[in-house]
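Okay, input_17.pdb now, which holds PDB, C-alpha atoms:
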```pdb
ATOM      1  CA  MET D  26     174.228 111.242  25.677
ATOM      2  CA  ARG D  27     173.442 107.784  24.443
ATOM      3  CA  PRO D  28     176.242 105.234  25.014
ATOM      4  CA  ARG D  29     176.530 104.218  21.343
ATOM      5  CA  ARG D  30     177.593 107.767  20.386
ATOM      6  CA  ARG D  31     180.607 107.774  22.702
ATOM      7  CA  PRO D  32     182.846 105.750  20.352
ATOM      8  CA  LEU D  33     181.988 108.132  17.510
ATOM      9  CA  LEU D  34     182.804 111.180  19.658
ATOM     10  CA  ALA D  35     186.057 109.587  20.805
ATOM     11  CA  PHE D  36     186.962 108.875  17.191
ATOM     12  CA  VAL D  37     186.161 112.448  16.126
ATOM     13  CA  ALA D  38     188.109 113.870  19.086
ATOM     14  CA  ALA D  39     191.119 111.781  18.108
ATOM     15  CA  VAL D  40     190.972 112.301  14.351
ATOM     16  CA  VAL D  41     190.037 115.998  14.000
ATOM     17  CA  PRO D  42     193.282 117.365  15.543
ATOM     18  CA  VAL D  43     195.359 115.049  13.358
ATOM     19  CA  VAL D  44     193.461 116.068  10.221
ATOM     20  CA  ALA D  45     193.721 119.764  11.190
ATOM     21  CA  PHE D  46     197.467 119.399  11.741
ATOM     22  CA  LEU D  47     197.982 117.636   8.407
ATOM     23  CA  ALA D  48     195.847 120.214   6.601
ATOM     24  CA  GLY D  49     197.862 123.005   8.220
ATOM     25  CA  ARG D  50     201.101 121.361   7.114
ATOM     26  CA  ALA D  51     199.746 121.008   3.582
ATOM     27  CA  VAL D  52     198.505 124.597   3.086
ATOM     28  CA  GLY D  53     200.680 126.390   5.626
ATOM     29  CA  PHE D  54     199.735 127.000   9.229
ATOM     30  CA  TRP D  55     199.647 130.738   8.643
ATOM     31  CA  ARG D  56     196.951 130.232   5.974
ATOM     32  CA  ALA D  57     194.912 127.997   8.290
ATOM     33  CA  ARG D  58     195.286 130.549  11.108
ATOM     34  CA  LEU D  59     194.347 133.410   8.756
ATOM     35  CA  ALA D  60     191.199 131.585   7.608
ATOM     36  CA  ALA D  61     190.267 130.755  11.210
ATOM     37  CA  GLY D  62     190.928 134.352  12.299
ATOM     38  CA  ARG D  63     188.721 135.745   9.543
ATOM     39  CA  LEU D  64     185.964 133.327  10.492
ATOM     40  CA  LEU D  65     186.254 134.077  14.221
ATOM     41  CA  ALA D  66     186.225 137.830  13.528
ATOM     42  CA  ARG D  67     182.605 137.431  12.451
ATOM     43  CA  LEU D  68     181.547 136.250  15.925
ATOM     44  CA  PRO D  69     179.789 138.671  18.281
ATOM     45  CA  ASP D  70     181.998 140.727  20.593
ATOM     46  CA  ASP D  71     180.687 139.021  23.730
ATOM     47  CA  VAL D  72     182.370 135.655  23.099
ATOM     48  CA  PRO D  73     185.272 134.675  25.409
ATOM     49  CA  ASN D  74     188.769 135.991  24.572
ATOM     50  CA  HIS D  75     190.130 132.582  23.593
ATOM     51  CA  VAL D  76     187.796 132.483  20.577
ATOM     52  CA  ARG D  77     187.903 136.194  19.718
ATOM     53  CA  VAL D  78     190.192 138.008  17.352
ATOM     54  CA  LEU D  79     192.040 140.582  19.430
ATOM     55  CA  PRO D  80     193.973 143.681  18.441
ATOM     56  CA  PRO D  81     197.686 143.316  19.134
ATOM     57  CA  PRO D  82     198.805 145.403  22.126
ATOM     58  CA  SER D  83     200.215 148.669  20.772
ATOM     59  CA  ASP D  84     203.390 148.376  22.855
ATOM     60  CA  GLU D  85     204.291 145.188  20.957
ATOM     61  CA  TYR D  86     204.833 147.039  17.673
ATOM     62  CA  VAL D  87     208.528 146.821  16.783
ATOM     63  CA  GLY D  88     208.796 148.071  13.193
ATOM     64  CA  THR D  89     208.907 146.767   9.647
ATOM     65  CA  LEU D  90     211.038 144.377   7.667
ATOM     66  CA  PRO D  91     211.747 145.600   4.110
ATOM     67  CA  VAL D  92     210.391 142.368   2.607
ATOM     68  CA  PRO D  93     206.893 141.042   1.878
ATOM     69  CA  PRO D  94     205.282 138.716   4.452
ATOM     70  CA  ALA D  95     206.099 135.570   2.424
ATOM     71  CA  ALA D  96     209.812 136.401   2.560
ATOM     72  CA  ALA D  97     209.573 137.225   6.277
ATOM     73  CA  ARG D  98     207.919 133.844   6.933
ATOM     74  CA  ARG D  99     210.798 132.103   5.151
ATOM     75  CA  ARG D 100     213.386 134.159   6.977
ATOM     76  CA  LEU D 101     212.254 133.693  10.583
ATOM     77  CA  PRO D 102     213.046 129.943  10.725
ATOM     78  CA  ARG D 103     216.608 130.761   9.641
ATOM     79  CA  ALA D 104     216.806 133.009  12.738
ATOM     80  CA  GLY D 105     215.735 130.140  15.023
ATOM     81  CA  PHE D 106     211.961 130.676  15.009
ATOM     82  CA  SER D 107     209.280 128.050  14.471
ATOM     83  CA  GLU D 108     205.771 128.647  13.312
ATOM     84  CA  LEU D 109     203.373 128.907  16.228
ATOM     85  CA  VAL D 110     200.067 127.225  15.587
ATOM     86  CA  ARG D 111     198.387 127.581  18.969
ATOM     87  CA  ALA D 112     198.108 131.272  19.862
ATOM     88  CA  TYR D 113     195.459 133.951  20.082
ATOM     89  CA  PHE D 114     194.322 135.396  16.749
ATOM     90  CA  HIS D 115     195.110 139.058  16.139
ATOM     91  CA  ALA D 116     193.873 141.718  13.740
ATOM     92  CA  TYR D 117     193.509 145.462  13.853
ATOM     93  CA  ASP D 118     191.806 148.198  11.861
ATOM     94  CA  ARG D 119     193.969 150.288   9.550
ATOM     95  CA  GLU D 120     192.287 153.098   7.621
ATOM     96  CA  GLY D 121     188.939 151.315   7.683
ATOM     97  CA  ASP D 122     190.301 147.885   6.704
ATOM     98  CA  ARG D 123     190.805 144.910   8.978
ATOM     99  CA  VAL D 124     194.414 143.711   8.867
ATOM    100  CA  HIS D 125     194.898 140.122  10.027
ATOM    101  CA  GLU D 126     198.090 138.543  11.271
ATOM    102  CA  VAL D 127     199.850 136.542   8.538
ATOM    103  CA  GLY D 128     202.392 134.757  10.695
ATOM    104  CA  SER D 129     202.881 133.785  14.321
ATOM    105  CA  PHE D 130     206.343 132.561  15.300
ATOM    106  CA  VAL D 131     208.133 131.575  18.479
ATOM    107  CA  ARG D 132     211.783 131.315  19.432
ATOM    108  CA  ARG D 133     212.690 129.450  22.582
ATOM    109  CA  PRO D 134     216.398 130.146  23.187
ATOM    110  CA  ASP D 135     216.622 127.450  25.886
ATOM    111  CA  GLY D 136     214.604 124.869  23.952
ATOM    112  CA  LEU D 137     211.081 123.548  24.334
ATOM    113  CA  THR D 138     211.449 123.296  28.108
ATOM    114  CA  GLY D 139     213.066 126.710  28.612
ATOM    115  CA  ASP D 140     211.310 129.187  30.907
ATOM    116  CA  HIS D 141     210.711 131.936  28.334
ATOM    117  CA  GLN D 142     209.999 132.458  24.663
ATOM    118  CA  LEU D 143     210.064 135.246  22.107
ATOM    119  CA  HIS D 144     206.723 135.496  20.316
ATOM    120  CA  VAL D 145     206.651 137.384  17.005
ATOM    121  CA  ARG D 146     203.614 138.220  14.904
ATOM    122  CA  LEU D 147     203.714 139.385  11.304
ATOM    123  CA  PHE D 148     201.198 141.682   9.620
ATOM    124  CA  PRO D 149     201.189 142.903   6.015
ATOM    125  CA  ALA D 150     202.104 146.593   5.828
ATOM    126  CA  SER D 151     200.275 148.853   3.390
ATOM    127  CA  ASP D 152     203.479 149.377   1.350
ATOM    128  CA  GLY D 153     204.098 145.646   0.776
ATOM    129  CA  THR D 154     206.620 145.249   3.602
ATOM    130  CA  THR D 155     206.007 143.339   6.837
ATOM    131  CA  GLU D 156     205.116 144.733  10.235
ATOM    132  CA  VAL D 157     206.727 142.950  13.173
ATOM    133  CA  TRP D 158     205.094 142.824  16.597
ATOM    134  CA  ALA D 159     206.839 141.014  19.453
ATOM    135  CA  HIS D 160     206.905 140.230  23.145
ATOM    136  CA  TRP D 161     208.934 138.133  25.588
ATOM    137  CA  GLU D 162     206.825 135.825  27.748
ATOM    138  CA  ARG D 163     206.737 132.700  29.863
ATOM    139  CA  ASN D 164     206.756 129.451  27.932
ATOM    140  CA  PRO D 165     203.245 127.919  28.117
ATOM    141  CA  TYR D 166     204.709 124.394  28.004
ATOM    142  CA  VAL D 167     206.646 125.066  31.203
ATOM    143  CA  ALA D 168     204.382 127.530  33.043
ATOM    144  CA  PRO D 169     200.895 127.470  31.482
ATOM    145  CA  LEU D 170     199.141 129.417  34.237
ATOM    146  CA  ALA D 171     201.902 132.031  34.478
ATOM    147  CA  HIS D 172     201.716 132.373  30.691
ATOM    148  CA  LEU D 173     197.945 132.955  30.781
ATOM    149  CA  ARG D 174     198.302 135.419  33.686
ATOM    150  CA  MET D 175     200.939 137.238  31.613
ATOM    151  CA  GLU D 176     203.570 136.906  34.324
ATOM    152  CA  GLY D 177     206.910 137.813  32.785
ATOM    153  CA  TYR D 178     205.218 139.395  29.757
ATOM    154  CA  ASP D 179     207.628 142.040  28.435
ATOM    155  CA  PRO D 180     207.165 143.802  25.069
ATOM    156  CA  ALA D 181     210.350 145.896  25.523
ATOM    157  CA  GLU D 182     212.460 142.756  26.000
ATOM    158  CA  GLY D 183     210.692 141.218  23.000
ATOM    159  CA  GLU D 184     211.654 144.214  20.888
ATOM    160  CA  ARG D 185     215.257 144.126  22.095
ATOM    161  CA  ARG D 186     215.596 140.431  21.304
ATOM    162  CA  VAL D 187     213.949 140.548  17.879
ATOM    163  CA  ARG D 188     216.067 143.559  16.880
ATOM    164  CA  ASP D 189     219.188 141.588  17.853
ATOM    165  CA  LEU D 190     218.075 138.780  15.519
ATOM    166  CA  LEU D 191     216.814 140.806  12.547
ATOM    167  CA  ASP D 192     219.361 143.465  11.657
ATOM    168  CA  ASP D 193     217.318 145.210   8.943
ATOM    169  CA  LEU D 194     214.254 145.791  11.109
ATOM    170  CA  ARG D 195     213.283 149.450  10.751
TER     171      ARG D 195
END
```

As structure tokens - that is how I would like this structure written.
Amino acid sequence: MRPRRRPLLAFVAAVVPVVAFLAGRAVGFWRARLAAGRLLARLPDDVPNHVRVLPPPSDEYVGTLPVPPAAARRRLPRAGFSELVRAYFHAYDREGDRVHEVGSFVRRPDGLTGDHQLHVRLFPASDGTTEVWAHWERNPYVAPLAHLRMEGYDPAEGERRVRDLLDDLR
């Protein structure tokens, strides 16, 4: 690389994440994630997992909330969740259609530096309600390698915890 391009690359590396964050705040992170997921779903299947759109693990399915996804996205912050921007993209096939995640949320009961977190994903159900998928896992800010190795990953504990928080989950 020629030396005169390094300042430009440094500028781009510094500015692009800020612009992406501000754009996500402006349109909604779930919309930015949905657009990125749809784009990434077009990539060939042989790309690495961190850039692929993966099906959610079947044991993470919890049930449905009797509200549309927009209402579920408004409700989760009131239950202590925050929108999760940095997470794998998920989609699955339902009756021949690809259904993409329309919300990724996290709840860290012991704060940002707590050992574990509850990760919840929302998908639109065919009847207009919202599917909830969840798991309990290590907090990547505290234990990034353990998080990636799925140490402490527990869908049953995720279901238990999300059911305790959302009383109308069917």

Self-check item: Residue among D:Asp84, D:Thr155, D:Arg103, D:Arg123 lying closest to Tyr178 of chain D, counting only C-alpha atoms
Solution: D:Asp84

Exercise. Have a look at atom CA of Pro91 of chain D and atom CA of Asp152 of chain D and let me know their distance in Å, one decimal.
Key: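 Separation of atom CA of Pro91 of chain D and atom CA of Asp152 of chain D: 9.5 Å.
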
Exercise. For Phe106 of chain D, work out the shell of residues within 8 Å, counting all atoms listed in the file and skipping chain neighbours fewer than 6 positions away, then give it as an MDAnalysis selection string.
Key: chainID D and resid 130:133

Could you work out an axis-aligned bounding box for all listed atoms of segment 121-130 of chain D, with 6 Å added on each of the six sides, and give its centre and edge lengths in Å to one decimal, as JSON?
```
{"center_x": 197.6, "center_y": 141.9, "center_z": 11.0, "size_x": 29.4, "size_y": 30.8, "size_z": 20.6}
```

Quiz item: Could you spell out the hits of the PyMOL selection byres ((chain D and resi 182) around 10) on the shown file, as a PyMOL selection string?
Solution: chain D and resi 85+143+159-162+178-181+183-188

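Residues within 12 Å of Pro93 of chain D, counting only C-alpha atoms and excluding same-chain residues fewer than 3 positions away, are Thr89, Leu90, Ala96, Ala97, Arg98, Arg99, Arg100, Val127, Gly128, Leu147, Phe148, Pro149, Ala150, Ser151, Asp152, Gly153, Thr154, Thr155, Glu156 and Val157 of chain D.
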
Self-check item: atom CA of Phe54 of chain D to atom CA of Ser129 of chain D, straight-line distance in Å
Solution: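 These two atoms are separated by 9.0 Å.
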
Quiz item: Which one is closest to Val167 of chain D: D:Leu68, D:Leu59, D:Val145, D:Leu137? Count only C-alpha atoms.
Solution: D:Leu137
